[in-house]
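Undergrad: Got a structure here, written out as structure tokens. Questions coming.
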Amino acid sequence: MSLFTHEVEVLDPIGLHARPASQIVKLVKESELDVQIGRPGEEFVKAKSALMLMSLKIKTGEKLTLTVETTDEATAADIAAQIQEFLKG
Amino acid sequence: MSLASGAVLSGLGVGLNSAVGEVFFVKPQAPLPEWTKSSKSAADETAALKTAIANVAASLAALGERAGGTSAEIFEALTFLLEDEELFELAESHIDEGWSAAAAYGKAVDTFAELLGGDADFDERVKDLQDISKRVQADIAGIEMALELPEIGRLVLVGEDFSPADTAQFTKAVVGVITLKGGPTSHTAIICRSRAIPAVVSCGAAASLNNGDTVLVDPVGDRVLFGGDETLATKAISFVAINDEPLIPVRANIGTLADAETASAKTDAVGVGLFRTELLYLNSKVVPTVEEQAAEYAAILAAAPQGPIVVRTIDAGSDKPVPFLLMPHEENPALGVRGFRLIQDHRDFIEDQLKSLEIARVQTGREVWVMAPMIATVQEAKQFADLARSIGGYKVGIMVETPSIAALIDQLAGIVDFVSVGTNDLSQYLFAADRMNANLGALSNHWQPGLIRTLARIADGANRGGFSVGVCGESASDPAFAVVLAGLGINSVSVSVSQVGAVRASLSALDLAKAKEVANAVLVATSPEEAKAAALDALSQL
């Protein structure tokens, strides 16, 4: 297992609100991987709770770091790309 | 106890049509239990919480399926919050501290509500969370939440009284409504009248009905008949028109552009007798500009039925707060700073409203009358009249709702061009009986002799003062009562859009001399039942 780090940007005008948060949680649960999200330099939260993600109160334009724990670099990149898609609004 | 077929349950009728349907009892929502520590094991409480979450998820799924379309998505999103993992883990940690399942989930939701709080983007989600929390706690306590009404069938809902949240959930299967408490101006009655759902309110005897009983809701007869069918319904007096136009103009009550359009398209209303303006503001978070207000007013004035349009300036209070006007909590909002009293702190807003109306009046070329609600003294009437005349070229008047101004009507001569009586609030203040208190519904009956005599004095004062007097409360929507009003010397009535036709019919069926006879017969009655019987008796002899 290794930890892959990616950066995503929140482009949704309402920020990281309920819908993208739910989409992320669904994706992460289906992948059965440990995915964490947070602002660079701040504490990260596990991306398996929409409420936790929403409580970060991330606004549009913010850049986030996400870490994916997996053996496969391509899987991590794929998850990051899908999450970036959800954050486009 | 079981009722014999044909048993009569008396109440107060709302509407002119009858309906037969099956009794569907709606239990009052019991309060949720206090949060307590549990004597059971943490494992038992965790299991109980899991079961409750599963039950609520199932009921949300059922609601979503019934609602369909975009509403289904809303229920799906609620389920997602309901089953949130971190929320569950936090609740589990409270269970480990000894709290009961309901308390643990409630506390966990509160924590997240606080985390999400203070951010406008999440206001709705916080409300959703609290809604979910209540559903889970209710499920654990075995309390039924909200109305879950079938979409098909012919239901007669029976309950203590119904809240706005309840009536919003009435489905098309609801053909009739019976309330044990609540009067003719209760929220239930107003909604049923506007949606033309036959209702009988203040019908305490309906407590002895059972689910599935067939009943006839007979509003004209002020009763419910157990086991009755439509043939037993009391016929509304069928008024035979002797004149093309009613004795006095029948105007429409409106609050929105849609109301104005309906009133024009579907009724023969002569103008608008009550345009409630607060509906335009209750949902705005910031003060609309004069230009924005003027544009809204112009659209509504242009759409309103031909004739004068009587506009009531904002009638808000701490029970009906406008978000951008700070309204501190009051112990007694009905007796607090409301209506024209808002001028103390919000003069700018009231001036802007009058300015906007003036722009819309000039732009549309309509005849506009403005009036202020909640006027208690002649000085206040003069203050409003002077202010309004300094801003616009409309006719100026006041609402008569307080007993104090009702006693001084003749002193308004030379100050106002007209007055309009709001019988709902006048009753509430005259009888010192809260309109919203379901236990006092019988006192809001417009056939109460105390109200009728007061209306007679108001009409007399206005006639002597030489200005016109209208009635725009719910009472005017009762066709028989409208005749009494005309007989008492009231110059116009304004009624719910759905009642314009019925009231025009009754007022076209007789001449003024006959209406005065009816009013005189009513004025000697000593009880509301006697007053109504006297009117119906006189009218049936037409």
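Order determines the names: the first chain of the structure tokens is A, the second B, and so forth; residues in each chain are numbered 1 upward, and ligands are numbered 1 upward as they are shown.
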Which neighbours of Gly465 (chain B) fall inside 8 Å, counting only C-alpha atoms, when residues of the same chain fewer than 6 positions from it are skipped, and could you give them as a list in words?
TA: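 Within the cut-off, the hits are Ile409, Asp410, Gln411, Leu412, Ala413 and Gly414 of chain B.
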Undergrad: Quick check: residues of chain B within 6 Å of chain A, only C-alpha atoms, returned as number ranges by chain.
TA: B: 84-86, 115-116
Undergrad: List as a tab-separated table (two decimals) with N, CA and C atoms, in the first residue's frame the protein and nucleic acid residues near Gly159 (chain B), meaning an atom at most 7 Å away when only C-alpha atoms are counted, but skip any in the same chain fewer than 6 places from it.
TA:
chain	number	residue	atom	x	y	z
B	25	PHE	N	-58.68	9.44	10.80
B	25	PHE	CA	-58.28	10.20	11.98
B	25	PHE	C	-56.81	10.61	11.90
B	26	VAL	N	-56.53	11.82	12.22
B	26	VAL	CA	-55.15	12.29	12.26
B	26	VAL	C	-54.84	12.59	13.72
B	27	LYS	N	-53.94	11.81	14.27
B	27	LYS	CA	-53.61	12.00	15.68
B	27	LYS	C	-52.72	13.21	15.84
B	178	ILE	N	-62.86	17.63	9.06
B	178	ILE	CA	-63.60	17.92	10.30
B	178	ILE	C	-62.58	18.22	11.38
B	179	THR	N	-62.73	19.34	12.09
B	179	THR	CA	-61.85	19.57	13.23
B	179	THR	C	-62.68	19.60	14.51
B	180	LEU	N	-62.11	19.03	15.57
B	180	LEU	CA	-62.81	19.00	16.85
B	180	LEU	C	-62.82	20.39	17.46
Undergrad: Write down as a VMD selection string the residues belonging to region 85-301 of chain B that are assigned strand (DSSP E) by DSSP computed on the backbone.
TA: chain B and resid 155 to 159 174 to 179 199 to 201 214 to 218 223 to 226 250 to 254 272 to 276
Undergrad: For the selection just defined, write its residues with N, CA and C atoms to a file, as a tab-separated table (two decimals), in the first residue's frame.
TA:
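Here's the written file result_38.tsv:
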chain	number	residue	atom	x	y	z
B	155	LEU	N	-61.26	10.63	1.43
B	155	LEU	CA	-61.01	10.73	2.86
B	155	LEU	C	-61.65	11.96	3.45
B	156	VAL	N	-62.20	11.79	4.63
B	156	VAL	CA	-62.62	12.93	5.44
B	156	VAL	C	-61.67	12.94	6.63
B	157	LEU	N	-60.78	13.92	6.66
B	157	LEU	CA	-59.80	13.99	7.74
B	157	LEU	C	-60.47	14.49	9.00
B	158	VAL	N	-60.16	13.86	10.10
B	158	VAL	CA	-60.68	14.30	11.39
B	158	VAL	C	-59.49	14.53	12.31
B	159	GLY	N	-59.40	15.70	12.93
B	159	GLY	CA	-58.31	15.96	13.85
B	159	GLY	C	-58.67	17.11	14.77
B	174	VAL	N	-58.27	13.97	-0.15
B	174	VAL	CA	-58.98	14.63	0.95
B	174	VAL	C	-60.21	15.35	0.39
B	175	VAL	N	-61.39	14.77	0.64
B	175	VAL	CA	-62.60	15.38	0.10
B	175	VAL	C	-63.34	16.20	1.15
B	176	GLY	N	-63.00	15.99	2.41
B	176	GLY	CA	-63.67	16.75	3.47
B	176	GLY	C	-62.77	16.81	4.69
B	177	VAL	N	-63.06	17.79	5.57
B	177	VAL	CA	-62.25	17.98	6.75
B	177	VAL	C	-63.16	18.27	7.93
B	178	ILE	N	-62.86	17.63	9.06
B	178	ILE	CA	-63.60	17.92	10.30
B	178	ILE	C	-62.58	18.22	11.38
B	179	THR	N	-62.73	19.34	12.09
B	179	THR	CA	-61.85	19.57	13.23
B	179	THR	C	-62.68	19.60	14.51
B	199	ALA	N	-65.84	21.57	4.86
B	199	ALA	CA	-65.30	21.35	6.20
B	199	ALA	C	-66.33	21.72	7.25
B	200	VAL	N	-66.24	21.03	8.38
B	200	VAL	CA	-67.01	21.41	9.56
B	200	VAL	C	-66.00	21.52	10.70
B	201	VAL	N	-65.90	22.73	11.28
B	201	VAL	CA	-64.94	22.95	12.36
B	201	VAL	C	-65.68	23.09	13.69
B	214	THR	N	-68.26	5.97	7.35
B	214	THR	CA	-68.69	6.84	6.25
B	214	THR	C	-69.47	8.01	6.85
B	215	VAL	N	-69.08	9.21	6.46
B	215	VAL	CA	-69.79	10.38	6.98
B	215	VAL	C	-70.10	11.35	5.84
B	216	LEU	N	-71.13	12.15	6.06
B	216	LEU	CA	-71.45	13.25	5.16
B	216	LEU	C	-71.00	14.54	5.85
B	217	VAL	N	-70.11	15.25	5.20
B	217	VAL	CA	-69.71	16.56	5.72
B	217	VAL	C	-70.68	17.56	5.11
B	218	ASP	N	-71.46	18.20	5.95
B	218	ASP	CA	-72.57	19.04	5.48
B	218	ASP	C	-72.39	20.47	6.02
B	223	ARG	N	-73.11	20.72	10.16
B	223	ARG	CA	-73.14	19.41	10.83
B	223	ARG	C	-72.42	18.35	10.00
B	224	VAL	N	-72.17	17.23	10.70
B	224	VAL	CA	-71.65	16.03	10.05
B	224	VAL	C	-72.70	14.95	10.31
B	225	LEU	N	-73.05	14.21	9.26
B	225	LEU	CA	-74.03	13.13	9.42
B	225	LEU	C	-73.33	11.79	9.35
B	226	PHE	N	-73.46	11.00	10.41
B	226	PHE	CA	-72.86	9.67	10.43
B	226	PHE	C	-73.64	8.78	9.47
B	250	VAL	N	-68.92	43.46	-4.89
B	250	VAL	CA	-68.19	42.32	-4.32
B	250	VAL	C	-66.79	42.34	-4.93
B	251	ARG	N	-65.80	42.58	-4.09
B	251	ARG	CA	-64.43	42.64	-4.56
B	251	ARG	C	-63.70	41.36	-4.15
B	252	ALA	N	-62.46	41.19	-4.62
B	252	ALA	CA	-61.70	39.97	-4.34
B	252	ALA	C	-60.55	40.25	-3.38
B	253	ASN	N	-60.22	39.28	-2.54
B	253	ASN	CA	-59.02	39.35	-1.70
B	253	ASN	C	-57.87	38.70	-2.45
B	254	ILE	N	-56.75	39.38	-2.53
B	254	ILE	CA	-55.59	38.79	-3.22
B	254	ILE	C	-54.32	39.02	-2.40
B	272	VAL	N	-60.40	44.92	-6.26
B	272	VAL	CA	-59.81	44.17	-5.16
B	272	VAL	C	-60.09	44.94	-3.87
B	273	GLY	N	-60.64	44.24	-2.87
B	273	GLY	CA	-60.96	44.92	-1.61
B	273	GLY	C	-59.90	44.72	-0.55
B	274	LEU	N	-59.00	43.77	-0.80
B	274	LEU	CA	-57.89	43.55	0.13
B	274	LEU	C	-56.73	42.94	-0.64
B	275	PHE	N	-55.69	43.72	-0.82
B	275	PHE	CA	-54.45	43.21	-1.40
B	275	PHE	C	-53.47	43.15	-0.24
B	276	ARG	N	-53.18	41.91	0.21
B	276	ARG	CA	-52.27	41.72	1.34
B	276	ARG	C	-50.84	41.80	0.81
Undergrad: Out of region 489-523 of chain B, which residues get helix (DSSP H, G or I) from DSSP, as a ChimeraX atom specification?
TA: /B:497-507,512-523
Undergrad: Show which residues sit within 7 Å of Val10 (chain A), as number ranges by chain. Count only C-alpha atoms, and ignore same-chain residues fewer than 3 positions away.
TA: A: 15-16, 60-63, 87-88
Undergrad: Take the residues that were just selected and, keeping N, CA and C atoms, output them as a short mmCIF file (atom, residue, chain, number, x, y, z; two decimals), in the first residue's frame.
TA:
data_model
loop_
_atom_site.label_atom_id
_atom_site.label_comp_id
_atom_site.auth_asym_id
_atom_site.auth_seq_id
_atom_site.Cartn_x
_atom_site.Cartn_y
_atom_site.Cartn_z
N GLY A 15 -19.52 25.98 -3.77
CA GLY A 15 -18.52 25.33 -2.94
C GLY A 15 -18.80 23.84 -2.81
N LEU A 16 -18.22 23.25 -1.77
CA LEU A 16 -18.39 21.81 -1.54
C LEU A 16 -19.69 21.60 -0.77
N THR A 60 -15.99 28.01 -3.30
CA THR A 60 -15.53 27.92 -4.67
C THR A 60 -14.16 28.59 -4.81
N GLY A 61 -13.30 27.99 -5.64
CA GLY A 61 -11.96 28.54 -5.86
C GLY A 61 -10.90 27.95 -4.95
N GLU A 62 -11.32 27.23 -3.91
CA GLU A 62 -10.32 26.66 -2.99
C GLU A 62 -9.66 25.43 -3.61
N LYS A 63 -8.38 25.27 -3.30
CA LYS A 63 -7.65 24.08 -3.75
C LYS A 63 -7.55 23.11 -2.58
N LEU A 87 -16.51 18.25 -8.50
CA LEU A 87 -16.32 19.58 -7.91
C LEU A 87 -16.44 20.70 -8.95
N LYS A 88 -16.81 20.31 -10.18
CA LYS A 88 -16.96 21.34 -11.22
C LYS A 88 -18.32 22.03 -11.16
#
Undergrad: Please measure the separation of CA of Leu430 (chain B) and CA of Asp222 (chain B), giving the value in Å to one decimal.
TA: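 Distance reported for this atom pair: 23.9 Å.
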Undergrad: Leu66 (chain A): which residues within 6 Å, counting only C-alpha atoms, same-chain residues fewer than 3 positions away excluded, as a compact mmCIF listing (two decimals) with C-alpha atoms, in the first residue's frame?
TA:
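The file below, result-v9.txt, is the result:
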# COMPACT_ATOMS: atom_id res chain seq x y z
CA THR A 5 -1.50 12.56 -3.22
CA HIS A 6 -3.49 14.64 -5.69
CA GLN A 36 -8.91 11.65 2.83
CA ILE A 37 -9.53 15.27 1.84
Undergrad: Tell me which protein, DNA and RNA residues are within 8 Å of Gly89 (chain A), counting only C-alpha atoms, leaving out same-chain ones fewer than 2 positions away, and put them as an mmCIF file with C-alpha atoms, in the first residue's frame.
TA:
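After the write, out32.cif holds the following:
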data_model
loop_
_atom_site.group_PDB
_atom_site.id
_atom_site.type_symbol
_atom_site.label_atom_id
_atom_site.label_comp_id
_atom_site.auth_asym_id
_atom_site.auth_seq_id
_atom_site.Cartn_x
_atom_site.Cartn_y
_atom_site.Cartn_z
ATOM 1 C CA LEU A 11 -15.111 25.088 -9.143
ATOM 2 C CA ASP A 12 -18.744 24.645 -8.086
ATOM 3 C CA PRO A 13 -20.113 28.150 -7.390
ATOM 4 C CA ILE A 14 -21.734 26.997 -4.126
ATOM 5 C CA PRO A 20 -20.806 16.890 -4.595
ATOM 6 C CA PHE A 86 -17.839 16.297 -9.068
ATOM 7 C CA LEU A 87 -16.324 19.580 -7.913
#
Undergrad: At a cut-off of 10 Å, using only C-alpha atoms, what residues contact Leu3 (chain A)? Leave out same-chain residues fewer than 5 positions from it and give the result as a compact mmCIF listing (two decimals) with N, CA and C atoms, in the first residue's frame.
TA:
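As written to disk, part.txt reads:
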# COMPACT_ATOMS: atom_id res chain seq x y z
N ASP A 34 -9.20 3.91 1.38
CA ASP A 34 -9.14 4.98 2.37
C ASP A 34 -8.77 6.28 1.64
N VAL A 35 -9.74 7.19 1.54
CA VAL A 35 -9.50 8.47 0.86
C VAL A 35 -9.72 9.58 1.87
N LEU A 66 -6.01 15.66 -1.77
CA LEU A 66 -6.63 14.40 -1.37
C LEU A 66 -5.59 13.29 -1.43
N THR A 67 -5.72 12.38 -0.48
CA THR A 67 -4.79 11.25 -0.44
C THR A 67 -5.59 9.98 -0.64
N VAL A 68 -5.03 9.06 -1.44
CA VAL A 68 -5.68 7.77 -1.69
C VAL A 68 -4.69 6.69 -1.31
N GLU A 69 -5.15 5.77 -0.45
CA GLU A 69 -4.27 4.68 -0.05
C GLU A 69 -4.60 3.46 -0.90
N THR A 70 -3.70 3.08 -1.77
CA THR A 70 -3.93 1.95 -2.67
C THR A 70 -2.60 1.42 -3.18
N THR A 71 -2.64 0.28 -3.84
CA THR A 71 -1.41 -0.28 -4.39
C THR A 71 -1.22 0.19 -5.82
N ASP A 72 -2.26 0.77 -6.40
CA ASP A 72 -2.26 1.06 -7.83
C ASP A 72 -2.35 2.55 -8.09
N GLU A 73 -1.32 3.09 -8.66
CA GLU A 73 -1.25 4.52 -8.93
C GLU A 73 -2.38 4.97 -9.85
N ALA A 76 -5.70 5.50 -8.07
CA ALA A 76 -5.69 6.76 -7.32
C ALA A 76 -5.95 7.93 -8.26
Undergrad: Measure the distance from CA of Phe239 (chain B) to CA of Ser492 (chain B) in Å and round it to one decimal.
TA: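 That distance, rounded to one decimal, is 19.0 Å.
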